[in-house]
Amino acid sequence: MAPPRGACGASPPGGRRWRTGRAGSAAAAWLGWALIGAQASALAAEAPAVLRESAVASAKALGAATLAVARAGNRLVAAGERGTVLLSDDAGTSWRQARVPVQVSLTALRFVDARTGWAAGHLGTILKTEDGGESWVLQLDGVRAAALWAAAAQGGDERAQRLAQQLVEEGPDKPFFDLEFVDAQRGIAVGAYNLAFATSDGGRTWTPLSARLPNPRSLHLYAVRALQGKLFIAGEQGLLLRSDDGGASFAPLASPYKGSFFGLLAARSGTLIAHGLRGNVFRSTDLGASWQKIESGVPVSISAAAELDGGALVLLTQTGELLTSRDDGRSFTRSGPGAAVPAAGLAVTADGQVAVASLRGMRRVALP
């Protein structure tokens, strides 16, 4: 199944090759590295240039492909190709470029308040901001992630050590797809081929989670959300996981679908929506124990979802169409033409409308 937020030439542990995705990303696959354990820090200077060079400031950035958008107080923050981060303080009417220390594609954003947030993306990148997205600090990249994974595998079984060694040798070629933070300290990032890291100190340190996940085929992890003290992960081939202990362990959930889930929406009501390939939408009101199929009325993949301030739920299709539910996800109806562009991300604006991240830049869309 195609990844929902860009494709790269990443090599998986065990040799499974990346499949061409739907949101054309320019991030390259950087192979042939031999960074082992503690040697990673000493060899950090050999990291790809896109991990060491700041995003280029350009007027063209305002029309660049964007893959994610999030609300930070009354501000909107969008992110996308080549490290581009855009800010809007007028509900998405106009945008300006922020300072970013990398040039990799950014696929996910998460804010816990108006100033504190994280971005994640290709080459194992995680960034943090403490000024509402004006500037960012690199907290994790694929070089360090591989070294941490290798260190965690020491003393483990032979397969874990072999996969860790292969990850180190392949270098920082695997992307993160989603982020979740339950507060300013505790967060989790998930991505390609079972890539998963957690932090309990606001991102100063990150710990590999992959060994805790019941995902023996290293399926892609596309989404992570917290709901009522539990953590949920959704991914490729119907993968659904839940943690009841803050991420210390995960268990598989019975999945209602064998195709890929590209996103999760945790509503304030306690309803959980899983959405993905070919317009498939499923609803759970018992924390993932059971699922009800919801007819979306569309045949295309659903890229993102958001909850309006008034409680309505909105889904965004790959083609930029909006679907709205005003009955807590029991049904969805089409909400006009939407953004009418290849779309990847969705956020609610301060004035109750929506901002859409698309491959043709940001779009503000008024809801009926």
# chains A, B, ... in the order shown; residues from 1 in each chain; ligands from 1

$ residues_around --residues "A:Asn215" --least-positions-apart "2" --cutoff "10 Å" --atoms "only C-alpha atoms" --output "JSON, numbers by chain"
{"A": [193, 194, 210, 211, 212, 213, 217, 218, 219, 220, 221, 239, 240, 241, 250, 251, 252]}

$ residues_around --residues "stretch 360-363 of chain A" --least-positions-apart "6" --cutoff "9 Å" --atoms "only C-alpha atoms" --output "list in words"
Ala61, Leu62, Gly63, Ala64, Ala65, Thr66, Leu67, Val69, Ala78, Gly80, Gly92, Thr93, Trp95, Ala339, Val341, Pro342, Ala343 and Val354 of chain A

$ select_by_dssp --residues "stretch 235-364 of chain A" --states "strand (DSSP E)" --output "PyMOL selection string"
chain A and resi 235+240-243+251-252+261-266+272-276+281-284+292-294+302-307+313-317+322-325+333-334+343-348+354-358+361-364

$ residues_around --residues "stretch 111-113 of chain A" --least-positions-apart "6" --cutoff "10 Å" --atoms "only C-alpha atoms" --output "list of chain:residue names"
A:Ala70, A:Arg71, A:Ala72, A:Gly73, A:Val77, A:Ala119, A:Lys128, A:Thr129, A:Glu130, A:Gly132, A:Gly133, A:Leu179, A:Glu180, A:Phe181, A:Val182, A:Asp183, A:Ala184, A:Gln185

$ residues_around --residues "stretch 270-272 of chain A" --least-positions-apart "4" --cutoff "7 Å" --atoms "only C-alpha atoms" --output "VMD selection string"
chain A and resid 227 265 to 266 283 to 285 287

$ write_last_selection --atoms "N, CA and C atoms" --output "mmCIF file, in the first residue's frame"
data_model
loop_
_atom_site.group_PDB
_atom_site.id
_atom_site.type_symbol
_atom_site.label_atom_id
_atom_site.label_comp_id
_atom_site.auth_asym_id
_atom_site.auth_seq_id
_atom_site.Cartn_x
_atom_site.Cartn_y
_atom_site.Cartn_z
ATOM 1 N N LEU A 227 -5.816 8.810 23.378
ATOM 2 C CA LEU A 227 -7.223 8.983 23.703
ATOM 3 C C LEU A 227 -7.509 8.323 25.044
ATOM 4 N N LEU A 265 -8.252 9.845 14.100
ATOM 5 C CA LEU A 265 -8.820 11.041 14.699
ATOM 6 C C LEU A 265 -9.390 10.662 16.053
ATOM 7 N N ALA A 266 -8.848 11.246 17.117
ATOM 8 C CA ALA A 266 -9.331 11.024 18.473
ATOM 9 C C ALA A 266 -10.219 12.196 18.858
ATOM 10 N N ARG A 283 -15.231 3.522 12.693
ATOM 11 C CA ARG A 283 -15.520 4.259 13.925
ATOM 12 C C ARG A 283 -15.560 3.305 15.111
ATOM 13 N N SER A 284 -14.919 3.710 16.218
ATOM 14 C CA SER A 284 -14.949 2.927 17.452
ATOM 15 C C SER A 284 -15.344 3.820 18.612
ATOM 16 N N THR A 285 -16.247 3.332 19.450
ATOM 17 C CA THR A 285 -16.647 4.062 20.655
ATOM 18 C C THR A 285 -16.226 3.325 21.916
ATOM 19 N N LEU A 287 -12.770 2.396 22.498
ATOM 20 C CA LEU A 287 -11.306 2.423 22.521
ATOM 21 C C LEU A 287 -10.671 1.321 21.672
#

$ decode --residues "stretch 262-280 of chain A" --atoms "N, CA and C atoms" --output "tab-separated table (two decimals), in the first residue's frame"
chain	number	residue	atom	x	y	z
A	262	PHE	N	-4.31	5.39	7.01
A	262	PHE	CA	-3.40	6.52	6.87
A	262	PHE	C	-3.52	7.53	8.01
A	263	GLY	N	-4.56	7.42	8.84
A	263	GLY	CA	-4.70	8.39	9.91
A	263	GLY	C	-5.68	7.95	10.97
A	264	LEU	N	-5.59	8.62	12.13
A	264	LEU	CA	-6.49	8.42	13.25
A	264	LEU	C	-6.99	9.79	13.72
A	265	LEU	N	-8.25	9.85	14.10
A	265	LEU	CA	-8.82	11.04	14.70
A	265	LEU	C	-9.39	10.66	16.05
A	266	ALA	N	-8.85	11.25	17.12
A	266	ALA	CA	-9.33	11.02	18.47
A	266	ALA	C	-10.22	12.20	18.86
A	267	ALA	N	-11.52	12.00	18.84
A	267	ALA	CA	-12.46	13.08	19.11
A	267	ALA	C	-12.60	13.32	20.61
A	268	ARG	N	-12.99	14.53	20.97
A	268	ARG	CA	-13.16	14.87	22.38
A	268	ARG	C	-14.27	14.04	23.03
A	269	SER	N	-15.19	13.54	22.23
A	269	SER	CA	-16.28	12.70	22.75
A	269	SER	C	-15.81	11.33	23.20
A	270	GLY	N	-14.60	10.94	22.80
A	270	GLY	CA	-14.11	9.59	23.06
A	270	GLY	C	-14.20	8.68	21.86
A	271	THR	N	-14.79	9.17	20.78
A	271	THR	CA	-14.87	8.40	19.54
A	271	THR	C	-13.52	8.38	18.84
A	272	LEU	N	-13.16	7.24	18.29
A	272	LEU	CA	-11.92	7.08	17.53
A	272	LEU	C	-12.28	6.76	16.09
A	273	ILE	N	-11.73	7.53	15.15
A	273	ILE	CA	-11.95	7.31	13.72
A	273	ILE	C	-10.65	6.87	13.09
A	274	ALA	N	-10.68	5.75	12.36
A	274	ALA	CA	-9.53	5.30	11.57
A	274	ALA	C	-9.89	5.45	10.10
A	275	HIS	N	-9.01	6.06	9.32
A	275	HIS	CA	-9.32	6.30	7.91
A	275	HIS	C	-8.13	5.96	7.05
A	276	GLY	N	-8.41	5.67	5.78
A	276	GLY	CA	-7.29	5.29	4.93
A	276	GLY	C	-7.62	5.06	3.48
A	277	LEU	N	-7.12	3.96	2.98
A	277	LEU	CA	-7.13	3.64	1.56
A	277	LEU	C	-8.54	3.54	1.01
A	278	ARG	N	-8.71	4.06	-0.22
A	278	ARG	CA	-9.96	3.90	-0.99
A	278	ARG	C	-11.19	4.39	-0.23
A	279	GLY	N	-11.07	5.45	0.52
A	279	GLY	CA	-12.21	6.03	1.21
A	279	GLY	C	-12.71	5.26	2.40
A	280	ASN	N	-11.95	4.32	2.90
A	280	ASN	CA	-12.40	3.52	4.03
A	280	ASN	C	-12.33	4.31	5.32
